[in-house]
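Here's structure_34.txt, which has compact mmCIF, C-alpha atoms:
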# COMPACT_ATOMS: atom_id res chain seq x y z
CA MET A 1 62.12 -56.49 -47.73
CA LYS A 2 60.29 -58.51 -50.37
CA SER A 3 61.89 -56.44 -53.13
CA VAL A 4 65.40 -57.22 -51.80
CA ILE A 5 64.70 -60.96 -51.75
CA ALA A 6 63.18 -60.75 -55.24
CA ALA A 7 66.26 -58.94 -56.53
CA ILE A 8 68.59 -61.57 -55.03
CA LEU A 9 66.53 -64.44 -56.48
CA SER A 10 66.44 -62.85 -59.94
CA PHE A 11 70.21 -62.31 -59.76
CA VAL A 12 70.77 -65.96 -58.79
CA LEU A 13 68.48 -67.18 -61.57
CA LEU A 14 70.16 -64.93 -64.13
CA PHE A 15 73.73 -65.93 -63.24
CA GLY A 16 72.92 -69.28 -61.64
CA GLY A 17 74.70 -71.31 -64.34
CA ALA A 18 78.07 -69.83 -63.47
CA SER A 19 79.55 -71.89 -60.71
CA ALA A 20 82.83 -71.79 -58.89
CA PHE A 21 82.82 -75.58 -58.84
CA THR A 22 83.18 -76.16 -62.57
CA THR A 23 86.44 -77.54 -63.90
CA PRO A 24 88.58 -75.42 -66.21
CA GLY A 25 87.87 -77.83 -69.08
CA ALA A 26 84.10 -77.57 -68.67
CA ALA A 27 82.12 -75.30 -71.00
CA ARG A 28 78.55 -74.09 -70.73
CA SER A 29 76.15 -74.88 -73.51
CA SER A 30 74.18 -71.86 -74.75
CA THR A 31 70.97 -73.80 -75.43
CA SER A 32 70.62 -75.61 -72.14
CA SER A 33 71.69 -75.17 -68.56
CA THR A 34 73.69 -78.43 -68.45
CA LEU A 35 77.45 -78.45 -68.35
CA VAL A 36 79.40 -80.18 -71.07
CA SER A 37 82.71 -81.58 -69.85
CA VAL A 38 85.63 -81.15 -72.20
CA PRO A 39 88.56 -83.37 -71.20
CA THR A 40 91.88 -81.60 -70.80
CA ARG A 41 95.26 -83.26 -71.04
CA SER A 42 97.73 -82.64 -68.25
CA SER A 43 101.21 -81.55 -69.27
CA THR A 44 102.77 -83.06 -66.14
CA SER A 45 104.52 -86.34 -66.74
CA LEU A 46 106.23 -88.70 -64.35
CA ASN A 47 109.63 -87.63 -65.70
CA MET A 48 108.96 -84.11 -64.49
CA VAL A 49 108.17 -85.38 -61.01
CA PHE A 50 110.70 -88.19 -60.54
CA GLY A 51 113.33 -87.35 -63.15
CA LYS A 52 114.55 -89.46 -66.00
CA LYS A 53 115.59 -93.04 -65.46
CA LYS A 54 119.37 -93.41 -65.31
CA SER A 55 121.08 -95.56 -67.87
CA ALA A 56 123.50 -98.31 -66.93
CA ALA A 57 126.43 -96.12 -67.98
CA GLN A 58 125.28 -93.27 -65.73
CA LYS A 59 124.85 -95.67 -62.80
CA ALA A 60 128.34 -97.11 -63.36
CA GLU A 61 129.84 -93.62 -63.56
CA GLU A 62 128.11 -92.60 -60.33
CA GLU A 63 129.33 -95.75 -58.54
CA ALA A 64 132.91 -95.16 -59.76
CA LYS A 65 132.77 -91.59 -58.45
CA ALA A 66 131.39 -92.76 -55.11
CA ALA A 67 134.21 -95.31 -54.79
CA GLN A 68 136.78 -92.48 -54.87
CA PHE A 69 135.39 -90.81 -51.73
CA TRP A 70 134.96 -91.75 -48.09
CA GLN A 71 131.69 -93.62 -47.65
CA GLY A 72 131.48 -93.07 -43.90
CA GLU A 73 130.36 -89.96 -42.09
CA TRP A 74 132.24 -86.70 -41.65
CA VAL A 75 131.67 -85.05 -38.26
CA CYS A 76 132.41 -81.49 -37.16
CA LYS A 77 134.65 -81.70 -34.09
CA ASP A 78 133.34 -78.42 -32.72
CA CYS A 79 129.59 -79.02 -32.70
CA GLY A 80 129.07 -82.66 -33.73
CA TYR A 81 127.25 -81.82 -36.98
CA ILE A 82 127.25 -84.78 -39.36
CA TYR A 83 127.90 -83.74 -42.97
CA ASN A 84 124.87 -84.45 -45.14
CA ARG A 85 125.57 -84.59 -48.85
CA ALA A 86 121.94 -83.82 -49.74
CA GLU A 87 122.06 -80.51 -47.83
CA CYS A 88 125.30 -79.41 -49.51
CA ALA A 89 124.41 -79.42 -53.23
CA GLY A 90 124.97 -83.18 -53.55
CA MET A 91 128.74 -82.80 -53.25
CA TYR A 92 130.95 -85.27 -51.43
CA PHE A 93 132.85 -83.75 -48.51
CA GLU A 94 136.19 -84.10 -50.32
CA GLU A 95 134.82 -82.03 -53.23
CA GLN A 96 134.14 -79.04 -50.97
CA GLY A 97 136.60 -76.20 -51.40
CA PRO A 98 138.85 -74.75 -48.70
CA GLY A 99 136.26 -72.04 -47.97
CA PHE A 100 133.65 -74.57 -46.85
CA ARG A 101 132.25 -73.96 -43.36
CA CYS A 102 130.08 -76.03 -41.05
CA PRO A 103 126.43 -75.08 -41.64
CA GLN A 104 125.70 -75.29 -37.93
CA CYS A 105 128.64 -73.57 -36.19
CA SER A 106 130.60 -72.01 -39.11
CA GLY A 107 133.68 -74.01 -38.19
CA PRO A 108 136.30 -74.34 -40.95
CA ARG A 109 136.66 -77.45 -43.09
CA ARG A 110 139.75 -78.60 -41.19
CA ARG A 111 137.58 -79.12 -38.08
CA TYR A 112 135.81 -82.08 -39.73
CA ALA A 113 136.95 -85.62 -39.01
CA LYS A 114 136.10 -89.05 -40.36
CA LYS A 115 133.79 -91.10 -38.18
CA VAL A 116 134.51 -94.81 -38.11
CA GLY A 117 131.97 -96.58 -35.94
CA ASP A 118 131.97 -94.61 -32.71
CA VAL A 119 135.52 -93.27 -33.16
CA VAL A 120 136.19 -89.85 -34.71
CA GLY A 121 139.61 -89.47 -36.39
CA THR A 122 141.39 -86.52 -37.96
CA THR A 123 141.32 -85.26 -41.52
CA LEU A 124 144.11 -85.69 -44.03
CA ASP A 125 144.58 -81.94 -44.56
CA GLY A 126 146.78 -81.48 -41.48
CA GLY A 127 144.07 -80.99 -38.89
CA ASP A 128 145.17 -78.74 -36.04
CA ALA A 129 148.87 -79.69 -36.03
CA PRO A 130 150.09 -76.65 -38.05
CA ILE A 131 148.04 -74.28 -35.90
CA LEU A 132 149.38 -75.76 -32.67
CA ILE A 133 153.01 -75.81 -33.87
CA PHE A 134 152.96 -72.14 -34.92
CA SER A 135 151.06 -71.13 -31.77
CA PHE A 136 153.61 -72.74 -29.46
CA GLY A 137 156.43 -71.35 -31.62
CA GLY A 138 154.96 -67.86 -31.25
CA VAL A 139 154.66 -68.22 -27.47
CA ILE A 140 158.27 -69.38 -27.18
CA ALA A 141 159.47 -66.52 -29.45
CA THR A 142 157.53 -64.01 -27.31
CA ILE A 143 159.08 -65.34 -24.09
CA ILE A 144 162.60 -65.25 -25.58
CA PHE A 145 162.07 -61.68 -26.85
CA GLY A 146 160.77 -60.65 -23.42
CA ILE A 147 163.82 -62.04 -21.67
CA TRP A 148 166.14 -60.36 -24.18
CA ALA A 149 164.29 -57.03 -23.82
CA VAL A 150 164.55 -57.09 -20.01
CA GLU A 151 168.31 -57.74 -20.12
CA ASN A 152 169.21 -55.33 -22.94
CA LEU A 153 166.87 -52.39 -22.49
Conversion result in C-alpha cells:
Amino acid sequence: MKSVIAAILSFVLLFGGASAFTTPGAARSSTSSTLVSVPTRSSTSLNMVFGKKKSAAQKAEEEAKAAQFWQGEWVCKDCGYIYNRAECAGMYFEEQGPGFRCPQCSGPRRRYAKKVGDVVGTTLDGGDAPILIFSFGGVIATIIFGIWAVENL
C-alpha cells in the first residue's frame, strides 16, 4: 500500500507543474516552477458581436423602404399567427412571394389580413372572393348539368 502512495506522490511531484487551470497564454519557465503569464490579444471585436454602425444614408434608405410597406401587423385568418419579420428572414410581408405559407398552420399567403387596432381586414390580393365565386359557379354548373342529364338521358 505504501508503494502505491509513493508512486502517486512521485507522479504528482514529477508532473505537478502541469495544471488544467493555466490560461492558454501562460507558459512554464524551465528554471523555476512559477508560471509566467503571456498576455494574448483577443480577435473578437465589438463589430463582430453587434455589427457595424449604420451610416446616415443607410438609415435613410431603410426608413424609405419601411415607408413603402404596411407598418401594422399581418394576421393569419386561419390560426391567428401574427407575422413576425424577424422570423421570416427580415422581409416585410409584402415582399414574400406567392408561395409563402403561414409558419404555424401552413395556410397560404392570401389567408393573411391587415390588423388595424382590434379589427382584421382583408388583403389586397383578392382574398377569398375568387375562390368563392368559382366554387358557387361550379355548384350551379353541376346542378344545371344534373337537371339536363335527368331530362335527356
Which centre and edge lengths in Å to one decimal define the box along x, y and z that fits every listed atom of segment 90-93 of chain A plus 8 Å per side, as AutoDock Vina command-line options?
--center_x 128.9 --center_y -84.0 --center_z -51.0 --size_x 23.9 --size_y 18.5 --size_z 21.0
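Residue nearest Phe93 of chain A, chosen from A:Ala66, A:Val139, A:Ala149, A:Ala57 and counting all atoms listed in the file: A:Ala66.
Residues in contact with segment 67-76 of chain A at 9 Å, where only C-alpha atoms are counted and same-chain residues fewer than 3 positions away are skipped, are listed as A:Glu62, A:Glu63, A:Ala64, A:Cys79, A:Gly80, A:Tyr81, A:Ile82, A:Tyr83, A:Asn84, A:Tyr92, A:Phe93, A:Glu94, A:Glu95, A:Cys102, A:Cys105, A:Gly107, A:Pro108, A:Arg109, A:Arg110, A:Arg111, A:Tyr112, A:Ala113, A:Lys114, A:Lys115, A:Val116, A:Gly117, A:Val120.
Pairwise distance (atom CA of Gln104 of chain A, atom CA of Glu87 of chain A) equals 11.8 Å.
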Point-to-point distance in Å for atom CA of Arg85 of chain A and atom CA of Gly97 of chain A
14.1 Å
Please compute the atom CA of Ile144 of chain A-atom CA of Ile131 of chain A distance, one decimal, in Å.
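These two atoms are separated by 20.0 Å.
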